[in-house]
Amino acid sequence: MPDTPSAALDALTLEIITSGGKAALARALATLESHPDDGHTADLLSTAYAAPRAHVLGITGPPGVGKSTLVSALIDLWRARGQTVGVIAVDPSSRRSGGALLGDRTRLKNNPEDQGVFVRSMAARDHLGGLAGLTTAAMVLMRALYDVVLIESVGVGQSETEIVGVADTVLFCVQPGSGDSLQFMKAGIAEIPHIIAVTKGDMAVAAERARADVVGALSLAEHGPDWPVPVLKLSASRRQGIDELVAAIDAHAAHLDSGDRRAQARHAQAESWLVEFVRERFGREGLRRAGDLRLAPGESPFARLGSVAADLSAAG
């Protein structure tokens, strides 16, 4: 085994991680988190960035809406179709330890021996937006390894709109009878999701009322005319409506693949991530000194970050 951080990172290639299965990926993510600025980290992530495989689904919504139950149901369906699944579950953080409070084993029910499913629980810590700071890097790496990558956000209100920056398809969950649909209208996030699911659809009257409220809110939002946002009712615990939801996810994936929509969206996400990372690491003045951070088509934001960081550090 390598005995230095640099050697450990140098030994992590996409091919080795692929052949090493879940254990190798777990080690890779731990090493990336420990050494985010190492040049080998940028090399690995750049390789993964250039070889995307998965469709990335982001699931968000208020706490208690049933996101984890839904994630488990989706995993079961995808695995039944023979698809591999990587999951990033972003937990609220312990104020004392900074670690994730819930953890994947209590949140999701899946077979730990199944090599076709990998679940990584991450602590949000002080990062706003409902996502952990490592989410983008983990997503890019897992996107090169699995057929589907699913990101479940903390669900903290309006700031959860950050999930748009990492997902191809955003699914927003609403719970009947909880005021979520009204909050959905007030929070200004009606323009964010590509699909909306009213959970606990077995609450027939309340579920239909929530669906009607959301449809009304959507009529006031500015969505592109080329993708009408479906509003679905489902019950994840009873496995009702999951087939229809996956069909909607597949339809949105096909929509992205028609024309150049997916490539354009991912390019915009990469540029936004680069700008935000430089701002967080070097402050507004560092961002100003970094100059034009637009990426050429296909250019890795991780490789670009390495050169920008080196220039800013050298300039003091």
# chains A, B, ... in the order shown; residues from 1 in each chain; ligands from 1

call {"tool": "residues_around", "arguments": {"residues": "range 237-248 of chain A", "least_positions_apart": "4", "cutoff": "12 Å", "atoms": "only C-alpha atoms", "output": "CSV table (one decimal) with N, CA and C atoms, in the first residue's frame"}}
result
chain,number,residue,atom,x,y,z
A,57,LEU,N,-29.6,12.3,-11.1
A,57,LEU,CA,-30.9,12.8,-10.6
A,57,LEU,C,-30.7,13.4,-9.2
A,65,VAL,N,-40.4,14.6,4.1
A,65,VAL,CA,-41.2,14.4,3.0
A,65,VAL,C,-41.2,12.9,2.4
A,66,GLY,N,-40.2,12.2,2.9
A,66,GLY,CA,-40.1,10.8,2.4
A,66,GLY,C,-39.0,10.6,1.3
A,67,LYS,N,-38.0,11.4,1.3
A,67,LYS,CA,-37.0,11.3,0.2
A,67,LYS,C,-36.3,10.0,0.3
A,68,SER,N,-35.9,9.6,1.5
A,68,SER,CA,-35.1,8.4,1.6
A,68,SER,C,-35.9,7.1,1.2
A,69,THR,N,-37.1,7.1,1.6
A,69,THR,CA,-38.0,6.0,1.2
A,69,THR,C,-38.1,5.9,-0.3
A,70,LEU,N,-38.2,7.1,-0.9
A,70,LEU,CA,-38.3,7.1,-2.4
A,70,LEU,C,-37.0,6.7,-3.0
A,71,VAL,N,-35.9,7.1,-2.5
A,71,VAL,CA,-34.6,6.7,-3.0
A,71,VAL,C,-34.5,5.1,-3.0
A,72,SER,N,-34.9,4.5,-1.9
A,72,SER,CA,-34.9,3.1,-1.8
A,72,SER,C,-35.7,2.4,-2.9
A,73,ALA,N,-36.9,3.0,-3.1
A,73,ALA,CA,-37.8,2.4,-4.1
A,73,ALA,C,-37.2,2.6,-5.5
A,74,LEU,N,-36.6,3.7,-5.8
A,74,LEU,CA,-36.0,3.9,-7.1
A,74,LEU,C,-34.8,3.0,-7.3
A,75,ILE,N,-34.0,2.8,-6.2
A,75,ILE,CA,-32.9,1.8,-6.3
A,75,ILE,C,-33.4,0.4,-6.7
A,76,ASP,N,-34.4,0.0,-6.0
A,76,ASP,CA,-35.0,-1.3,-6.3
A,76,ASP,C,-35.4,-1.5,-7.8
A,77,LEU,N,-36.0,-0.4,-8.3
A,77,LEU,CA,-36.5,-0.5,-9.7
A,77,LEU,C,-35.3,-0.5,-10.7
A,78,TRP,N,-34.4,0.4,-10.4
A,78,TRP,CA,-33.2,0.5,-11.4
A,78,TRP,C,-32.4,-0.8,-11.3
A,80,ALA,N,-33.6,-3.8,-10.7
A,80,ALA,CA,-34.4,-4.8,-11.3
A,80,ALA,C,-34.2,-4.7,-12.9
A,81,ARG,N,-33.9,-3.5,-13.3
A,81,ARG,CA,-33.7,-3.2,-14.8
A,81,ARG,C,-32.2,-3.5,-15.1
A,109,LYS,N,-32.5,1.5,2.7
A,109,LYS,CA,-32.6,0.0,2.9
A,109,LYS,C,-32.1,-0.6,1.6
A,148,VAL,N,-26.7,5.3,-13.1
A,148,VAL,CA,-27.5,6.4,-12.5
A,148,VAL,C,-26.8,6.8,-11.3
A,169,THR,N,-31.4,16.1,-13.8
A,169,THR,CA,-32.8,16.2,-13.6
A,169,THR,C,-33.0,16.4,-12.1
A,170,VAL,N,-33.8,17.4,-11.8
A,170,VAL,CA,-34.2,17.8,-10.4
A,170,VAL,C,-35.6,17.3,-10.1
A,171,LEU,N,-35.7,16.5,-9.1
A,171,LEU,CA,-37.0,16.1,-8.6
A,171,LEU,C,-37.3,16.7,-7.3
A,172,PHE,N,-38.4,17.5,-7.2
A,172,PHE,CA,-38.9,18.1,-6.0
A,172,PHE,C,-40.0,17.3,-5.4
A,173,CYS,N,-39.9,17.0,-4.1
A,173,CYS,CA,-40.9,16.2,-3.4
A,173,CYS,C,-41.8,17.1,-2.5
A,194,HIS,N,-37.5,19.7,-12.5
A,194,HIS,CA,-38.0,19.2,-13.8
A,194,HIS,C,-39.1,18.3,-13.7
A,195,ILE,N,-39.2,17.7,-12.5
A,195,ILE,CA,-40.3,16.8,-12.1
A,195,ILE,C,-40.7,17.1,-10.7
A,196,ILE,N,-42.0,17.0,-10.4
A,196,ILE,CA,-42.5,17.2,-9.0
A,196,ILE,C,-43.3,15.9,-8.6
A,197,ALA,N,-43.0,15.4,-7.4
A,197,ALA,CA,-43.7,14.2,-6.9
A,197,ALA,C,-44.4,14.6,-5.6
A,198,VAL,N,-45.7,14.3,-5.6
A,198,VAL,CA,-46.5,14.5,-4.4
A,198,VAL,C,-46.4,13.1,-3.7
A,199,THR,N,-45.7,13.1,-2.6
A,199,THR,CA,-45.4,11.8,-1.9
A,199,THR,C,-46.7,11.4,-1.0
A,200,LYS,N,-46.7,10.2,-0.6
A,200,LYS,CA,-47.8,9.7,0.3
A,200,LYS,C,-49.1,9.9,-0.5
A,201,GLY,N,-49.1,9.5,-1.8
A,201,GLY,CA,-50.2,9.6,-2.6
A,201,GLY,C,-51.4,8.8,-2.2
A,202,ASP,N,-51.2,7.9,-1.2
A,202,ASP,CA,-52.4,7.1,-0.7
A,202,ASP,C,-53.3,8.0,0.2
A,203,MET,N,-52.8,9.2,0.6
A,203,MET,CA,-53.7,10.1,1.3
A,203,MET,C,-54.5,10.8,0.2
A,227,TRP,N,-40.2,21.8,-22.1
A,227,TRP,CA,-40.3,20.8,-21.1
A,227,TRP,C,-41.4,21.1,-20.1
A,228,PRO,N,-42.6,20.6,-20.3
A,228,PRO,CA,-43.7,20.8,-19.4
A,228,PRO,C,-43.5,19.9,-18.2
A,229,VAL,N,-43.4,20.5,-17.0
A,229,VAL,CA,-43.1,19.8,-15.8
A,229,VAL,C,-44.2,18.9,-15.3
A,230,PRO,N,-44.0,17.6,-15.3
A,230,PRO,CA,-45.0,16.7,-14.8
A,230,PRO,C,-45.2,16.7,-13.3
A,231,VAL,N,-46.4,16.6,-12.8
A,231,VAL,CA,-46.7,16.6,-11.3
A,231,VAL,C,-47.3,15.2,-11.1
A,232,LEU,N,-46.6,14.4,-10.4
A,232,LEU,CA,-47.0,13.0,-10.2
A,232,LEU,C,-47.4,12.7,-8.7
A,233,LYS,N,-48.3,11.8,-8.5
A,233,LYS,CA,-48.6,11.3,-7.2
A,233,LYS,C,-48.0,9.9,-7.0
A,252,HIS,N,-37.1,12.9,-19.4
A,252,HIS,CA,-36.3,14.1,-19.3
A,252,HIS,C,-34.9,13.8,-19.7
A,253,ALA,N,-34.4,12.6,-19.4
A,253,ALA,CA,-33.0,12.3,-19.9
A,253,ALA,C,-33.0,12.3,-21.4
A,254,ALA,N,-34.0,11.7,-22.1
A,254,ALA,CA,-34.1,11.7,-23.5
A,254,ALA,C,-34.2,13.2,-24.1
A,255,HIS,N,-35.0,14.0,-23.3
A,255,HIS,CA,-35.1,15.4,-23.7
A,255,HIS,C,-33.7,16.1,-23.7

call {"tool": "atom_distance", "arguments": {"atom1": "CA of Glu152 in chain A", "atom2": "CA of Gln175 in chain A"}}
result
16.1 Å

call {"tool": "residues_around", "arguments": {"residues": "range 138-144 of chain A", "least_positions_apart": "2", "cutoff": "10 Å", "atoms": "only C-alpha atoms", "output": "PyMOL selection string"}}
result
chain A and resi 14+17-18+25+28-30+32-33+44-56+85-88+118+120+132-136+146-151+166-167

call {"tool": "write_last_selection", "arguments": {"atoms": "N, CA and C atoms", "output": "compact mmCIF listing (two decimals), in the first residue's frame"}}
result
# COMPACT_ATOMS: atom_id res chain seq x y z
N LEU A 14 -8.98 5.79 -12.66
CA LEU A 14 -10.36 5.42 -12.90
C LEU A 14 -10.47 3.91 -13.15
N ILE A 17 -10.16 2.06 -9.77
CA ILE A 17 -11.38 2.22 -8.98
C ILE A 17 -12.50 1.36 -9.55
N THR A 18 -12.60 1.34 -10.89
CA THR A 18 -13.64 0.53 -11.54
C THR A 18 -13.47 -0.95 -11.22
N LEU A 25 -13.81 2.57 -4.48
CA LEU A 25 -14.46 3.87 -4.59
C LEU A 25 -14.53 4.56 -3.23
N ALA A 28 -11.22 5.98 -2.56
CA ALA A 28 -10.96 7.12 -3.43
C ALA A 28 -11.66 8.37 -2.91
N LEU A 29 -12.92 8.25 -2.51
CA LEU A 29 -13.65 9.41 -2.01
C LEU A 29 -13.05 9.94 -0.72
N ALA A 30 -12.61 9.03 0.15
CA ALA A 30 -11.98 9.47 1.40
C ALA A 30 -10.68 10.20 1.11
N LEU A 32 -9.88 11.79 -1.73
CA LEU A 32 -10.20 13.07 -2.37
C LEU A 32 -10.61 14.12 -1.34
N GLU A 33 -11.38 13.68 -0.35
CA GLU A 33 -11.84 14.60 0.68
C GLU A 33 -10.67 15.09 1.54
N LEU A 44 -7.36 12.80 -11.59
CA LEU A 44 -8.39 11.77 -11.50
C LEU A 44 -9.76 12.32 -11.86
N LEU A 45 -10.09 13.49 -11.29
CA LEU A 45 -11.40 14.07 -11.55
C LEU A 45 -11.53 14.53 -12.99
N SER A 46 -10.44 15.00 -13.58
CA SER A 46 -10.48 15.42 -14.99
C SER A 46 -10.74 14.22 -15.89
N THR A 47 -10.11 13.09 -15.56
CA THR A 47 -10.35 11.87 -16.33
C THR A 47 -11.81 11.44 -16.23
N ALA A 48 -12.35 11.49 -15.02
CA ALA A 48 -13.76 11.13 -14.82
C ALA A 48 -14.69 12.13 -15.50
N TYR A 49 -14.33 13.42 -15.45
CA TYR A 49 -15.16 14.45 -16.06
C TYR A 49 -15.29 14.23 -17.57
N ALA A 50 -14.23 13.71 -18.18
CA ALA A 50 -14.22 13.51 -19.63
C ALA A 50 -14.93 12.22 -20.04
N ALA A 51 -15.36 11.41 -19.06
CA ALA A 51 -15.97 10.11 -19.38
C ALA A 51 -17.29 9.93 -18.65
N PRO A 52 -18.24 10.85 -18.82
CA PRO A 52 -19.52 10.72 -18.11
C PRO A 52 -20.33 9.55 -18.64
N ARG A 53 -20.95 8.84 -17.74
CA ARG A 53 -21.76 7.66 -18.10
C ARG A 53 -23.17 7.78 -17.57
N ALA A 54 -23.32 8.25 -16.34
CA ALA A 54 -24.61 8.21 -15.66
C ALA A 54 -25.48 9.41 -15.99
N HIS A 55 -26.77 9.19 -15.84
CA HIS A 55 -27.71 10.29 -15.72
C HIS A 55 -27.79 10.64 -14.24
N VAL A 56 -27.73 11.93 -13.91
CA VAL A 56 -27.67 12.37 -12.51
C VAL A 56 -29.03 12.94 -12.10
N VAL A 85 -26.25 1.80 -9.64
CA VAL A 85 -26.70 3.05 -9.02
C VAL A 85 -25.68 3.53 -7.99
N GLY A 86 -25.28 4.79 -8.09
CA GLY A 86 -24.48 5.44 -7.07
C GLY A 86 -25.32 6.49 -6.37
N VAL A 87 -25.29 6.53 -5.06
CA VAL A 87 -26.12 7.45 -4.27
C VAL A 87 -25.24 8.32 -3.39
N ILE A 88 -25.51 9.62 -3.41
CA ILE A 88 -24.88 10.56 -2.49
C ILE A 88 -25.99 11.12 -1.62
N PHE A 118 -23.90 1.71 -4.69
CA PHE A 118 -22.94 2.31 -3.77
C PHE A 118 -23.60 3.53 -3.14
N ARG A 120 -23.01 6.74 -0.47
CA ARG A 120 -22.08 7.53 0.33
C ARG A 120 -22.87 8.61 1.06
N ALA A 132 -23.14 19.03 0.38
CA ALA A 132 -21.83 19.04 1.00
C ALA A 132 -20.79 19.56 0.02
N GLY A 133 -19.68 20.06 0.55
CA GLY A 133 -18.65 20.64 -0.30
C GLY A 133 -18.03 19.65 -1.25
N LEU A 134 -18.03 18.36 -0.91
CA LEU A 134 -17.43 17.34 -1.75
C LEU A 134 -18.39 16.79 -2.80
N THR A 135 -19.64 17.24 -2.78
CA THR A 135 -20.66 16.64 -3.62
C THR A 135 -20.29 16.65 -5.09
N THR A 136 -19.81 17.79 -5.61
CA THR A 136 -19.52 17.88 -7.03
C THR A 136 -18.43 16.90 -7.44
N TYR A 146 -21.19 4.63 -12.78
CA TYR A 146 -22.50 4.02 -12.63
C TYR A 146 -23.44 4.44 -13.76
N ASP A 147 -24.56 3.71 -13.87
CA ASP A 147 -25.57 4.05 -14.88
C ASP A 147 -26.43 5.22 -14.42
N VAL A 148 -26.68 5.28 -13.12
CA VAL A 148 -27.49 6.35 -12.53
C VAL A 148 -26.76 6.85 -11.28
N VAL A 149 -26.69 8.16 -11.12
CA VAL A 149 -26.21 8.74 -9.87
C VAL A 149 -27.37 9.53 -9.27
N LEU A 150 -27.66 9.27 -8.02
CA LEU A 150 -28.77 9.93 -7.35
C LEU A 150 -28.22 10.73 -6.17
N ILE A 151 -28.59 12.00 -6.11
CA ILE A 151 -28.14 12.87 -5.03
C ILE A 151 -29.36 13.31 -4.22
N VAL A 166 -25.64 20.44 -9.81
CA VAL A 166 -24.98 19.14 -9.91
C VAL A 166 -25.83 18.09 -10.60
N ALA A 167 -27.12 18.30 -10.76
CA ALA A 167 -28.01 17.27 -11.29
C ALA A 167 -28.43 17.58 -12.72

call {"tool": "closest_residue", "arguments": {"among": "A:Gln83, A:Ala23, A:Ser34, A:Gly61", "to": "Glu113 in chain A", "atoms": "only C-alpha atoms"}}
result
A:Ala23

call {"tool": "residues_around", "arguments": {"residues": "range 283-298 of chain A", "least_positions_apart": "5", "cutoff": "7 Å", "atoms": "only C-alpha atoms", "output": "list of chain:residue names"}}
result
A:Glu271, A:Val275, A:Val278, A:Val308, A:Leu312

call {"tool": "atom_distance", "arguments": {"atom1": "CA of Asp168 in chain A", "atom2": "CA of Phe277 in chain A"}}
result
20.0 Å

call {"tool": "closest_residue", "arguments": {"among": "A:Pro62, A:Asp114, A:Val214, A:Thr84", "to": "Ser153 in chain A", "atoms": "only C-alpha atoms"}}
result
A:Pro62

call {"tool": "decode", "arguments": {"residues": "range 38-65 of chain A", "atoms": "N, CA and C atoms", "output": "short mmCIF file (atom, residue, chain, number, x, y, z; two decimals), in the first residue's frame"}}
result
data_model
loop_
_atom_site.label_atom_id
_atom_site.label_comp_id
_atom_site.auth_asym_id
_atom_site.auth_seq_id
_atom_site.Cartn_x
_atom_site.Cartn_y
_atom_site.Cartn_z
N ASP A 38 -4.54 18.32 -4.13
CA ASP A 38 -3.42 17.59 -4.71
C ASP A 38 -3.59 17.51 -6.24
N GLY A 39 -2.47 17.61 -6.96
CA GLY A 39 -2.53 17.55 -8.42
C GLY A 39 -3.09 16.25 -8.93
N HIS A 40 -2.85 15.15 -8.21
CA HIS A 40 -3.39 13.87 -8.63
C HIS A 40 -4.91 13.84 -8.50
N THR A 41 -5.44 14.59 -7.55
CA THR A 41 -6.89 14.70 -7.41
C THR A 41 -7.48 15.31 -8.67
N ALA A 42 -6.88 16.41 -9.13
CA ALA A 42 -7.35 17.07 -10.34
C ALA A 42 -7.25 16.15 -11.55
N ASP A 43 -6.17 15.36 -11.62
CA ASP A 43 -6.00 14.44 -12.74
C ASP A 43 -7.09 13.38 -12.76
N LEU A 44 -7.36 12.80 -11.59
CA LEU A 44 -8.39 11.77 -11.50
C LEU A 44 -9.76 12.32 -11.86
N LEU A 45 -10.09 13.49 -11.29
CA LEU A 45 -11.40 14.07 -11.55
C LEU A 45 -11.53 14.53 -12.99
N SER A 46 -10.44 15.00 -13.58
CA SER A 46 -10.48 15.42 -14.99
C SER A 46 -10.74 14.22 -15.89
N THR A 47 -10.11 13.09 -15.56
CA THR A 47 -10.35 11.87 -16.33
C THR A 47 -11.81 11.44 -16.23
N ALA A 48 -12.35 11.49 -15.02
CA ALA A 48 -13.76 11.13 -14.82
C ALA A 48 -14.69 12.13 -15.50
N TYR A 49 -14.33 13.42 -15.45
CA TYR A 49 -15.16 14.45 -16.06
C TYR A 49 -15.29 14.23 -17.57
N ALA A 50 -14.23 13.71 -18.18
CA ALA A 50 -14.22 13.51 -19.63
C ALA A 50 -14.93 12.22 -20.04
N ALA A 51 -15.36 11.41 -19.06
CA ALA A 51 -15.97 10.11 -19.38
C ALA A 51 -17.29 9.93 -18.65
N PRO A 52 -18.24 10.85 -18.82
CA PRO A 52 -19.52 10.72 -18.11
C PRO A 52 -20.33 9.55 -18.64
N ARG A 53 -20.95 8.84 -17.74
CA ARG A 53 -21.76 7.66 -18.10
C ARG A 53 -23.17 7.78 -17.57
N ALA A 54 -23.32 8.25 -16.34
CA ALA A 54 -24.61 8.21 -15.66
C ALA A 54 -25.48 9.41 -15.99
N HIS A 55 -26.77 9.19 -15.84
CA HIS A 55 -27.71 10.29 -15.72
C HIS A 55 -27.79 10.64 -14.24
N VAL A 56 -27.73 11.93 -13.91
CA VAL A 56 -27.67 12.37 -12.51
C VAL A 56 -29.03 12.94 -12.10
N LEU A 57 -29.63 12.31 -11.10
CA LEU A 57 -30.92 12.76 -10.57
C LEU A 57 -30.71 13.39 -9.21
N GLY A 58 -31.20 14.59 -9.03
CA GLY A 58 -31.17 15.25 -7.73
C GLY A 58 -32.55 15.24 -7.11
N ILE A 59 -32.66 14.78 -5.88
CA ILE A 59 -33.94 14.76 -5.17
C ILE A 59 -33.87 15.73 -4.00
N THR A 60 -34.84 16.62 -3.95
CA THR A 60 -34.87 17.60 -2.87
C THR A 60 -36.30 17.80 -2.40
N GLY A 61 -36.44 18.53 -1.32
CA GLY A 61 -37.74 18.74 -0.71
C GLY A 61 -37.58 18.87 0.79
N PRO A 62 -38.59 19.33 1.48
CA PRO A 62 -38.50 19.56 2.92
C PRO A 62 -38.19 18.29 3.70
N PRO A 63 -37.54 18.41 4.86
CA PRO A 63 -37.30 17.23 5.71
C PRO A 63 -38.61 16.54 6.06
N GLY A 64 -38.59 15.22 6.09
CA GLY A 64 -39.76 14.45 6.46
C GLY A 64 -40.71 14.15 5.32
N VAL A 65 -40.36 14.57 4.11
CA VAL A 65 -41.24 14.37 2.98
C VAL A 65 -41.17 12.94 2.45
#
